[in-house]
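Note: the block below is data-v2.txt and it holds compact mmCIF, N, CA and C atoms.
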```txt
# COMPACT_ATOMS: atom_id res chain seq x y z
N MET V 1 2.14 -98.21 203.62
CA MET V 1 1.84 -96.81 203.83
C MET V 1 1.98 -96.09 202.49
N LYS V 2 1.00 -95.26 202.18
CA LYS V 2 1.03 -94.48 200.94
C LYS V 2 1.59 -93.09 201.21
N ILE V 3 2.56 -92.71 200.38
CA ILE V 3 3.23 -91.42 200.50
C ILE V 3 3.09 -90.71 199.15
N CYS V 4 2.75 -89.43 199.19
CA CYS V 4 2.55 -88.67 197.97
C CYS V 4 3.31 -87.34 198.04
N VAL V 5 4.11 -87.08 197.04
CA VAL V 5 4.79 -85.79 196.89
C VAL V 5 4.05 -85.05 195.78
N LEU V 6 3.49 -83.89 196.10
CA LEU V 6 2.64 -83.19 195.14
C LEU V 6 3.37 -82.22 194.22
N ASP V 7 4.53 -81.75 194.62
CA ASP V 7 5.28 -80.85 193.74
C ASP V 7 6.78 -81.10 193.88
N GLY V 8 7.14 -82.30 193.49
CA GLY V 8 8.52 -82.75 193.64
C GLY V 8 9.55 -81.95 192.89
N TYR V 9 9.17 -81.40 191.76
CA TYR V 9 10.15 -80.66 190.95
C TYR V 9 10.74 -79.47 191.70
N SER V 10 9.94 -78.85 192.55
CA SER V 10 10.41 -77.66 193.25
C SER V 10 11.53 -77.97 194.25
N VAL V 11 11.60 -79.19 194.73
CA VAL V 11 12.67 -79.57 195.66
C VAL V 11 13.68 -80.54 195.05
N ASN V 12 13.29 -81.17 193.96
CA ASN V 12 14.17 -82.12 193.30
C ASN V 12 13.97 -82.04 191.79
N PRO V 13 14.72 -81.16 191.14
CA PRO V 13 14.57 -81.00 189.69
C PRO V 13 15.20 -82.15 188.89
N GLY V 14 15.55 -83.23 189.56
CA GLY V 14 16.07 -84.39 188.85
C GLY V 14 17.46 -84.81 189.27
N ASP V 15 18.08 -84.07 190.16
CA ASP V 15 19.46 -84.39 190.55
C ASP V 15 19.54 -85.16 191.87
N LEU V 16 18.39 -85.46 192.48
CA LEU V 16 18.35 -86.23 193.72
C LEU V 16 17.52 -87.49 193.51
N SER V 17 17.66 -88.41 194.43
CA SER V 17 16.90 -89.65 194.36
C SER V 17 15.81 -89.67 195.41
N TRP V 18 14.67 -90.20 195.06
CA TRP V 18 13.57 -90.40 196.00
C TRP V 18 13.63 -91.79 196.63
N ASP V 19 14.67 -92.57 196.35
CA ASP V 19 14.75 -93.97 196.77
C ASP V 19 14.62 -94.17 198.28
N GLU V 20 15.26 -93.34 199.07
CA GLU V 20 15.19 -93.52 200.52
C GLU V 20 13.77 -93.30 201.03
N LEU V 21 13.09 -92.33 200.49
CA LEU V 21 11.70 -92.09 200.88
C LEU V 21 10.81 -93.25 200.42
N ALA V 22 11.10 -93.78 199.25
CA ALA V 22 10.32 -94.90 198.71
C ALA V 22 10.46 -96.15 199.57
N LYS V 23 11.54 -96.28 200.30
CA LYS V 23 11.71 -97.44 201.18
C LYS V 23 10.71 -97.44 202.33
N LEU V 24 10.12 -96.28 202.61
CA LEU V 24 9.18 -96.16 203.73
C LEU V 24 7.75 -96.55 203.37
N GLY V 25 7.47 -96.66 202.07
CA GLY V 25 6.11 -96.99 201.67
C GLY V 25 5.91 -96.90 200.18
N ASP V 26 4.67 -96.91 199.79
CA ASP V 26 4.27 -96.82 198.38
C ASP V 26 4.31 -95.35 197.98
N LEU V 27 5.37 -94.95 197.29
CA LEU V 27 5.61 -93.53 196.97
C LEU V 27 5.15 -93.17 195.57
N THR V 28 4.44 -92.06 195.48
CA THR V 28 4.08 -91.46 194.20
C THR V 28 4.57 -90.02 194.22
N VAL V 29 5.32 -89.64 193.18
CA VAL V 29 5.85 -88.28 193.09
C VAL V 29 5.29 -87.61 191.84
N TYR V 30 4.66 -86.47 192.05
CA TYR V 30 4.19 -85.63 190.95
C TYR V 30 5.10 -84.42 190.86
N ASP V 31 5.53 -84.07 189.66
CA ASP V 31 6.40 -82.89 189.50
C ASP V 31 5.69 -81.62 189.93
N ARG V 32 4.47 -81.47 189.47
CA ARG V 32 3.69 -80.27 189.77
C ARG V 32 2.23 -80.68 189.93
N SER V 33 1.51 -80.01 190.81
CA SER V 33 0.09 -80.27 190.99
C SER V 33 -0.66 -78.95 191.11
N MET V 34 -1.78 -78.88 190.46
CA MET V 34 -2.66 -77.73 190.56
C MET V 34 -3.56 -77.92 191.79
N PRO V 35 -4.05 -76.83 192.38
CA PRO V 35 -4.90 -76.95 193.57
C PRO V 35 -6.07 -77.91 193.40
N GLU V 36 -6.67 -77.92 192.23
CA GLU V 36 -7.82 -78.80 192.00
C GLU V 36 -7.43 -80.27 191.84
N GLU V 37 -6.14 -80.57 191.77
CA GLU V 37 -5.67 -81.95 191.63
C GLU V 37 -5.26 -82.59 192.97
N VAL V 38 -5.15 -81.78 194.01
CA VAL V 38 -4.61 -82.25 195.29
C VAL V 38 -5.39 -83.44 195.84
N ALA V 39 -6.68 -83.33 196.00
CA ALA V 39 -7.48 -84.40 196.61
C ALA V 39 -7.41 -85.69 195.82
N GLU V 40 -7.49 -85.61 194.53
CA GLU V 40 -7.45 -86.82 193.70
C GLU V 40 -6.07 -87.47 193.73
N ARG V 41 -5.04 -86.68 193.61
CA ARG V 41 -3.69 -87.23 193.59
C ARG V 41 -3.26 -87.80 194.93
N ALA V 42 -3.73 -87.22 196.01
CA ALA V 42 -3.31 -87.65 197.34
C ALA V 42 -4.30 -88.62 198.00
N LYS V 43 -5.33 -89.01 197.27
CA LYS V 43 -6.32 -89.91 197.88
C LYS V 43 -5.64 -91.16 198.42
N ASP V 44 -6.09 -91.59 199.55
CA ASP V 44 -5.56 -92.76 200.25
C ASP V 44 -4.18 -92.56 200.86
N ALA V 45 -3.54 -91.43 200.63
CA ALA V 45 -2.20 -91.20 201.19
C ALA V 45 -2.29 -90.94 202.69
N GLU V 46 -1.31 -91.48 203.40
CA GLU V 46 -1.19 -91.22 204.83
C GLU V 46 -0.19 -90.09 205.08
N ILE V 47 0.74 -89.93 204.16
CA ILE V 47 1.73 -88.87 204.25
C ILE V 47 1.74 -88.11 202.93
N VAL V 48 1.66 -86.78 203.01
CA VAL V 48 1.73 -85.93 201.82
C VAL V 48 2.82 -84.90 202.05
N LEU V 49 3.66 -84.72 201.03
CA LEU V 49 4.73 -83.73 201.07
C LEU V 49 4.44 -82.64 200.05
N VAL V 50 4.54 -81.38 200.49
CA VAL V 50 4.27 -80.25 199.61
C VAL V 50 5.39 -79.22 199.75
N ASN V 51 5.46 -78.36 198.76
CA ASN V 51 6.38 -77.24 198.82
C ASN V 51 5.64 -75.95 198.48
N LYS V 52 5.09 -75.90 197.29
CA LYS V 52 4.37 -74.71 196.83
C LYS V 52 2.86 -74.93 196.77
N VAL V 53 2.44 -76.17 196.72
CA VAL V 53 1.02 -76.49 196.58
C VAL V 53 0.22 -75.92 197.75
N VAL V 54 -0.89 -75.29 197.44
CA VAL V 54 -1.77 -74.76 198.47
C VAL V 54 -2.63 -75.90 198.99
N PHE V 55 -2.63 -76.08 200.31
CA PHE V 55 -3.38 -77.15 200.95
C PHE V 55 -4.50 -76.52 201.76
N ARG V 56 -5.74 -76.69 201.28
CA ARG V 56 -6.91 -76.02 201.84
C ARG V 56 -7.72 -76.94 202.75
N GLU V 57 -8.67 -76.38 203.44
CA GLU V 57 -9.54 -77.19 204.29
C GLU V 57 -10.24 -78.28 203.49
N SER V 58 -10.67 -77.98 202.30
CA SER V 58 -11.34 -78.99 201.47
C SER V 58 -10.43 -80.17 201.18
N ASP V 59 -9.12 -79.93 201.11
CA ASP V 59 -8.18 -81.03 200.88
C ASP V 59 -8.07 -81.91 202.12
N PHE V 60 -7.98 -81.29 203.30
CA PHE V 60 -7.96 -82.07 204.54
C PHE V 60 -9.23 -82.92 204.65
N ARG V 61 -10.35 -82.31 204.35
CA ARG V 61 -11.64 -83.00 204.43
C ARG V 61 -11.70 -84.19 203.47
N ALA V 62 -11.12 -84.04 202.30
CA ALA V 62 -11.18 -85.07 201.26
C ALA V 62 -10.19 -86.21 201.48
N LEU V 63 -9.29 -86.06 202.45
CA LEU V 63 -8.23 -87.05 202.67
C LEU V 63 -8.30 -87.63 204.08
N PRO V 64 -9.25 -88.52 204.33
CA PRO V 64 -9.45 -89.04 205.68
C PRO V 64 -8.29 -89.90 206.20
N ASN V 65 -7.45 -90.41 205.33
CA ASN V 65 -6.31 -91.25 205.75
C ASN V 65 -5.07 -90.44 206.09
N LEU V 66 -5.11 -89.14 205.83
CA LEU V 66 -3.94 -88.30 206.03
C LEU V 66 -3.55 -88.23 207.51
N LYS V 67 -2.30 -88.59 207.78
CA LYS V 67 -1.76 -88.56 209.14
C LYS V 67 -0.69 -87.49 209.31
N LEU V 68 0.02 -87.18 208.20
CA LEU V 68 1.14 -86.26 208.27
C LEU V 68 1.23 -85.45 206.98
N LEU V 69 1.29 -84.14 207.12
CA LEU V 69 1.52 -83.23 205.99
C LEU V 69 2.88 -82.59 206.21
N VAL V 70 3.79 -82.78 205.27
CA VAL V 70 5.16 -82.29 205.40
C VAL V 70 5.36 -81.10 204.48
N GLU V 71 5.82 -80.00 205.04
CA GLU V 71 6.17 -78.80 204.26
C GLU V 71 7.65 -78.89 203.93
N LEU V 72 7.97 -78.85 202.66
CA LEU V 72 9.36 -78.97 202.20
C LEU V 72 10.01 -77.61 201.97
N ALA V 73 9.49 -76.58 202.58
CA ALA V 73 10.03 -75.24 202.42
C ALA V 73 10.15 -74.58 203.80
N THR V 74 10.69 -73.38 203.81
CA THR V 74 10.83 -72.67 205.09
C THR V 74 9.53 -72.00 205.51
N GLY V 75 8.70 -71.63 204.58
CA GLY V 75 7.42 -71.00 204.91
C GLY V 75 6.31 -72.02 204.89
N TYR V 76 5.18 -71.65 205.47
CA TYR V 76 4.05 -72.57 205.49
C TYR V 76 2.74 -71.85 205.22
N ASN V 77 2.82 -70.71 204.55
CA ASN V 77 1.62 -69.93 204.25
C ASN V 77 0.74 -70.61 203.20
N ASN V 78 1.19 -71.71 202.64
CA ASN V 78 0.39 -72.45 201.66
C ASN V 78 -0.49 -73.52 202.32
N ILE V 79 -0.41 -73.61 203.65
CA ILE V 79 -1.20 -74.61 204.37
C ILE V 79 -2.19 -73.92 205.30
N ASP V 80 -3.43 -74.35 205.23
CA ASP V 80 -4.46 -73.84 206.12
C ASP V 80 -4.23 -74.47 207.50
N LEU V 81 -3.57 -73.74 208.39
CA LEU V 81 -3.20 -74.28 209.70
C LEU V 81 -4.40 -74.56 210.59
N GLU V 82 -5.43 -73.75 210.50
CA GLU V 82 -6.64 -74.00 211.30
C GLU V 82 -7.27 -75.32 210.88
N ALA V 83 -7.29 -75.57 209.59
CA ALA V 83 -7.85 -76.85 209.11
C ALA V 83 -6.97 -78.01 209.53
N ALA V 84 -5.67 -77.83 209.52
CA ALA V 84 -4.75 -78.89 209.97
C ALA V 84 -5.05 -79.25 211.43
N LYS V 85 -5.28 -78.24 212.25
CA LYS V 85 -5.63 -78.50 213.65
C LYS V 85 -6.98 -79.20 213.75
N LYS V 86 -7.93 -78.71 213.00
CA LYS V 86 -9.28 -79.27 213.03
C LYS V 86 -9.28 -80.75 212.66
N TYR V 87 -8.46 -81.11 211.69
CA TYR V 87 -8.41 -82.50 211.22
C TYR V 87 -7.27 -83.28 211.86
N SER V 88 -6.66 -82.72 212.87
CA SER V 88 -5.59 -83.38 213.65
C SER V 88 -4.43 -83.87 212.79
N VAL V 89 -4.01 -83.03 211.87
CA VAL V 89 -2.86 -83.38 211.01
C VAL V 89 -1.70 -82.51 211.40
```
Structure rendered as structure tokens:
Amino acid sequence: MKICVLDGYSVNPGDLSWDELAKLGDLTVYDRSMPEEVAERAKDAEIVLVNKVVFRESDFRALPNLKLLVELATGYNNIDLEAAKKYSV
């Protein structure tokens, strides 16, 4: 299973370990991602974790393997919820 963290620095500035998450699959962690990098960086991922990254309908469309999108913050205004429903994520 491929797992991608798109803005790891915002939740882990270096004082935590990603090891437990890595045990669940092939983990890639990016410190920061720009909106135009989301589709390329998360390609083939089944699970994507975000905090500040804006996740748009075009990102859902570009990621056919996506099964779970995890918000690592208390708010979720950075995720297009209608698109999440449309793509069953």
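Minimum atom-to-atom distance to V:Leu72, evaluated using only C-alpha atoms, belongs to V:Leu6 out of V:Ala22, V:Met1, V:Ala39, V:Leu6.
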One decimal place gives the atom CA of V:Ala83-atom N of V:Asp26 separation as 25.4 Å
Coordinates-based distance that separates atom CA of V:Ile3 from atom CA of V:Ala45 (Å, one decimal)
5.5 Å
Just to confirm, what's the straight-line distance from atom CA of V:Ser88 to atom CA of V:Val70 in Å (one decimal)?
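Pair atom CA of V:Ser88 / atom CA of V:Val70 returns 13.6 Å.
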Spatial neighbours of V:Arg56, 12 Å, only C-alpha atoms, chain gap at least 4 places, as a PyMOL selection string
chain V and resi 35-39+60-63+69+77-84+86-87
With N, CA and C atoms retained, could you export that selection as a PDB file, keeping the file's coordinate frame?
```pdb
ATOM      1  N   PRO V  35      -4.050 -76.830 192.380  1.00  0.00           N
ATOM      2  CA  PRO V  35      -4.900 -76.950 193.570  1.00  0.00           C
ATOM      3  C   PRO V  35      -6.070 -77.910 193.400  1.00  0.00           C
ATOM      4  N   GLU V  36      -6.670 -77.920 192.230  1.00  0.00           N
ATOM      5  CA  GLU V  36      -7.820 -78.800 192.000  1.00  0.00           C
ATOM      6  C   GLU V  36      -7.430 -80.270 191.840  1.00  0.00           C
ATOM      7  N   GLU V  37      -6.140 -80.570 191.770  1.00  0.00           N
ATOM      8  CA  GLU V  37      -5.670 -81.950 191.630  1.00  0.00           C
ATOM      9  C   GLU V  37      -5.260 -82.590 192.970  1.00  0.00           C
ATOM     10  N   VAL V  38      -5.150 -81.780 194.010  1.00  0.00           N
ATOM     11  CA  VAL V  38      -4.610 -82.250 195.290  1.00  0.00           C
ATOM     12  C   VAL V  38      -5.390 -83.440 195.840  1.00  0.00           C
ATOM     13  N   ALA V  39      -6.680 -83.330 196.000  1.00  0.00           N
ATOM     14  CA  ALA V  39      -7.480 -84.400 196.610  1.00  0.00           C
ATOM     15  C   ALA V  39      -7.410 -85.690 195.820  1.00  0.00           C
ATOM     16  N   PHE V  60      -7.980 -81.290 203.300  1.00  0.00           N
ATOM     17  CA  PHE V  60      -7.960 -82.070 204.540  1.00  0.00           C
ATOM     18  C   PHE V  60      -9.230 -82.920 204.650  1.00  0.00           C
ATOM     19  N   ARG V  61     -10.350 -82.310 204.350  1.00  0.00           N
ATOM     20  CA  ARG V  61     -11.640 -83.000 204.430  1.00  0.00           C
ATOM     21  C   ARG V  61     -11.700 -84.190 203.470  1.00  0.00           C
ATOM     22  N   ALA V  62     -11.120 -84.040 202.300  1.00  0.00           N
ATOM     23  CA  ALA V  62     -11.180 -85.070 201.260  1.00  0.00           C
ATOM     24  C   ALA V  62     -10.190 -86.210 201.480  1.00  0.00           C
ATOM     25  N   LEU V  63      -9.290 -86.060 202.450  1.00  0.00           N
ATOM     26  CA  LEU V  63      -8.230 -87.050 202.670  1.00  0.00           C
ATOM     27  C   LEU V  63      -8.300 -87.630 204.080  1.00  0.00           C
ATOM     28  N   LEU V  69       1.290 -84.140 207.120  1.00  0.00           N
ATOM     29  CA  LEU V  69       1.520 -83.230 205.990  1.00  0.00           C
ATOM     30  C   LEU V  69       2.880 -82.590 206.210  1.00  0.00           C
ATOM     31  N   ASN V  77       2.820 -70.710 204.550  1.00  0.00           N
ATOM     32  CA  ASN V  77       1.620 -69.930 204.250  1.00  0.00           C
ATOM     33  C   ASN V  77       0.740 -70.610 203.200  1.00  0.00           C
ATOM     34  N   ASN V  78       1.190 -71.710 202.640  1.00  0.00           N
ATOM     35  CA  ASN V  78       0.390 -72.450 201.660  1.00  0.00           C
ATOM     36  C   ASN V  78      -0.490 -73.520 202.320  1.00  0.00           C
ATOM     37  N   ILE V  79      -0.410 -73.610 203.650  1.00  0.00           N
ATOM     38  CA  ILE V  79      -1.200 -74.610 204.370  1.00  0.00           C
ATOM     39  C   ILE V  79      -2.190 -73.920 205.300  1.00  0.00           C
ATOM     40  N   ASP V  80      -3.430 -74.350 205.230  1.00  0.00           N
ATOM     41  CA  ASP V  80      -4.460 -73.840 206.120  1.00  0.00           C
ATOM     42  C   ASP V  80      -4.230 -74.470 207.500  1.00  0.00           C
ATOM     43  N   LEU V  81      -3.570 -73.740 208.390  1.00  0.00           N
ATOM     44  CA  LEU V  81      -3.200 -74.280 209.700  1.00  0.00           C
ATOM     45  C   LEU V  81      -4.400 -74.560 210.590  1.00  0.00           C
ATOM     46  N   GLU V  82      -5.430 -73.750 210.500  1.00  0.00           N
ATOM     47  CA  GLU V  82      -6.640 -74.000 211.300  1.00  0.00           C
ATOM     48  C   GLU V  82      -7.270 -75.320 210.880  1.00  0.00           C
ATOM     49  N   ALA V  83      -7.290 -75.570 209.590  1.00  0.00           N
ATOM     50  CA  ALA V  83      -7.850 -76.850 209.110  1.00  0.00           C
ATOM     51  C   ALA V  83      -6.970 -78.010 209.530  1.00  0.00           C
ATOM     52  N   ALA V  84      -5.670 -77.830 209.520  1.00  0.00           N
ATOM     53  CA  ALA V  84      -4.750 -78.890 209.970  1.00  0.00           C
ATOM     54  C   ALA V  84      -5.050 -79.250 211.430  1.00  0.00           C
ATOM     55  N   LYS V  86      -7.930 -78.710 213.000  1.00  0.00           N
ATOM     56  CA  LYS V  86      -9.280 -79.270 213.030  1.00  0.00           C
ATOM     57  C   LYS V  86      -9.280 -80.750 212.660  1.00  0.00           C
ATOM     58  N   TYR V  87      -8.460 -81.110 211.690  1.00  0.00           N
ATOM     59  CA  TYR V  87      -8.410 -82.500 211.220  1.00  0.00           C
ATOM     60  C   TYR V  87      -7.270 -83.280 211.860  1.00  0.00           C
TER      61      TYR V  87
END
```
Pick from V:Val11, V:Arg41, V:Lys67, V:Ser33 nearest to V:Val54, counting all atoms listed in the file:
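That would be V:Ser33, the residue with the smallest distance to V:Val54.
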Using only C-alpha atoms, pick whichever of V:Asn65, V:Lys2, V:Asp59, V:Leu49 has the shortest atom-to-atom distance to V:Tyr30.
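Once distances to V:Tyr30 are computed over only C-alpha atoms, the minimum belongs to V:Leu49.
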Run DSSP on the backbone and grab whatever in stretch 29-68 of chain V lands in helix (DSSP H, G or I); send it over as a CSV table (one decimal) with N, CA and C atoms, keeping the file's coordinate frame.
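As written to disk, part_36.csv reads:
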```csv
chain,number,residue,atom,x,y,z
V,35,PRO,N,-4.0,-76.8,192.4
V,35,PRO,CA,-4.9,-77.0,193.6
V,35,PRO,C,-6.1,-77.9,193.4
V,36,GLU,N,-6.7,-77.9,192.2
V,36,GLU,CA,-7.8,-78.8,192.0
V,36,GLU,C,-7.4,-80.3,191.8
V,37,GLU,N,-6.1,-80.6,191.8
V,37,GLU,CA,-5.7,-82.0,191.6
V,37,GLU,C,-5.3,-82.6,193.0
V,38,VAL,N,-5.2,-81.8,194.0
V,38,VAL,CA,-4.6,-82.2,195.3
V,38,VAL,C,-5.4,-83.4,195.8
V,39,ALA,N,-6.7,-83.3,196.0
V,39,ALA,CA,-7.5,-84.4,196.6
V,39,ALA,C,-7.4,-85.7,195.8
V,40,GLU,N,-7.5,-85.6,194.5
V,40,GLU,CA,-7.4,-86.8,193.7
V,40,GLU,C,-6.1,-87.5,193.7
V,41,ARG,N,-5.0,-86.7,193.6
V,41,ARG,CA,-3.7,-87.2,193.6
V,41,ARG,C,-3.3,-87.8,194.9
V,57,GLU,N,-8.7,-76.4,203.4
V,57,GLU,CA,-9.5,-77.2,204.3
V,57,GLU,C,-10.2,-78.3,203.5
V,58,SER,N,-10.7,-78.0,202.3
V,58,SER,CA,-11.3,-79.0,201.5
V,58,SER,C,-10.4,-80.2,201.2
V,59,ASP,N,-9.1,-79.9,201.1
V,59,ASP,CA,-8.2,-81.0,200.9
V,59,ASP,C,-8.1,-81.9,202.1
V,60,PHE,N,-8.0,-81.3,203.3
V,60,PHE,CA,-8.0,-82.1,204.5
V,60,PHE,C,-9.2,-82.9,204.6
V,61,ARG,N,-10.4,-82.3,204.4
V,61,ARG,CA,-11.6,-83.0,204.4
V,61,ARG,C,-11.7,-84.2,203.5
V,62,ALA,N,-11.1,-84.0,202.3
V,62,ALA,CA,-11.2,-85.1,201.3
V,62,ALA,C,-10.2,-86.2,201.5
```
Which centre and which edge lengths, in Å to one decimal, describe the axis-aligned box that holds all listed atoms of stretch 23-29 of chain V after 4 Å is added on each side, as JSON?
```
{"center_x": 7.9, "center_y": -92.5, "center_z": 197.8, "size_x": 15.6, "size_y": 17.8, "size_z": 19.9}
```
When distances are computed from only C-alpha atoms, which of V:Asn51, V:Ala42, V:Thr28, V:Tyr76 shows the smallest separation from V:Pro64?
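Checking each of V:Asn51, V:Ala42, V:Thr28, V:Tyr76 against V:Pro64, counting only C-alpha atoms, the winner is V:Ala42.
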Please, which residues of chain V, numbered as in this document, come out strand (DSSP E or B) from DSSP, as a VMD selection string?
chain V and resid 2 to 5 26 to 29 47 to 50 55 68 to 71 79
Closest of V:Thr74, V:Leu27, V:Ser17, V:Glu57 to V:Asp44, counting only C-alpha atoms, is V:Leu27
Option closest in space to V:Ser10, from V:Glu46, V:Arg32, V:Leu66, V:Gly75 [counting only N, CA and C atoms]:
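Closest residue, counting only N, CA and C atoms: V:Arg32.
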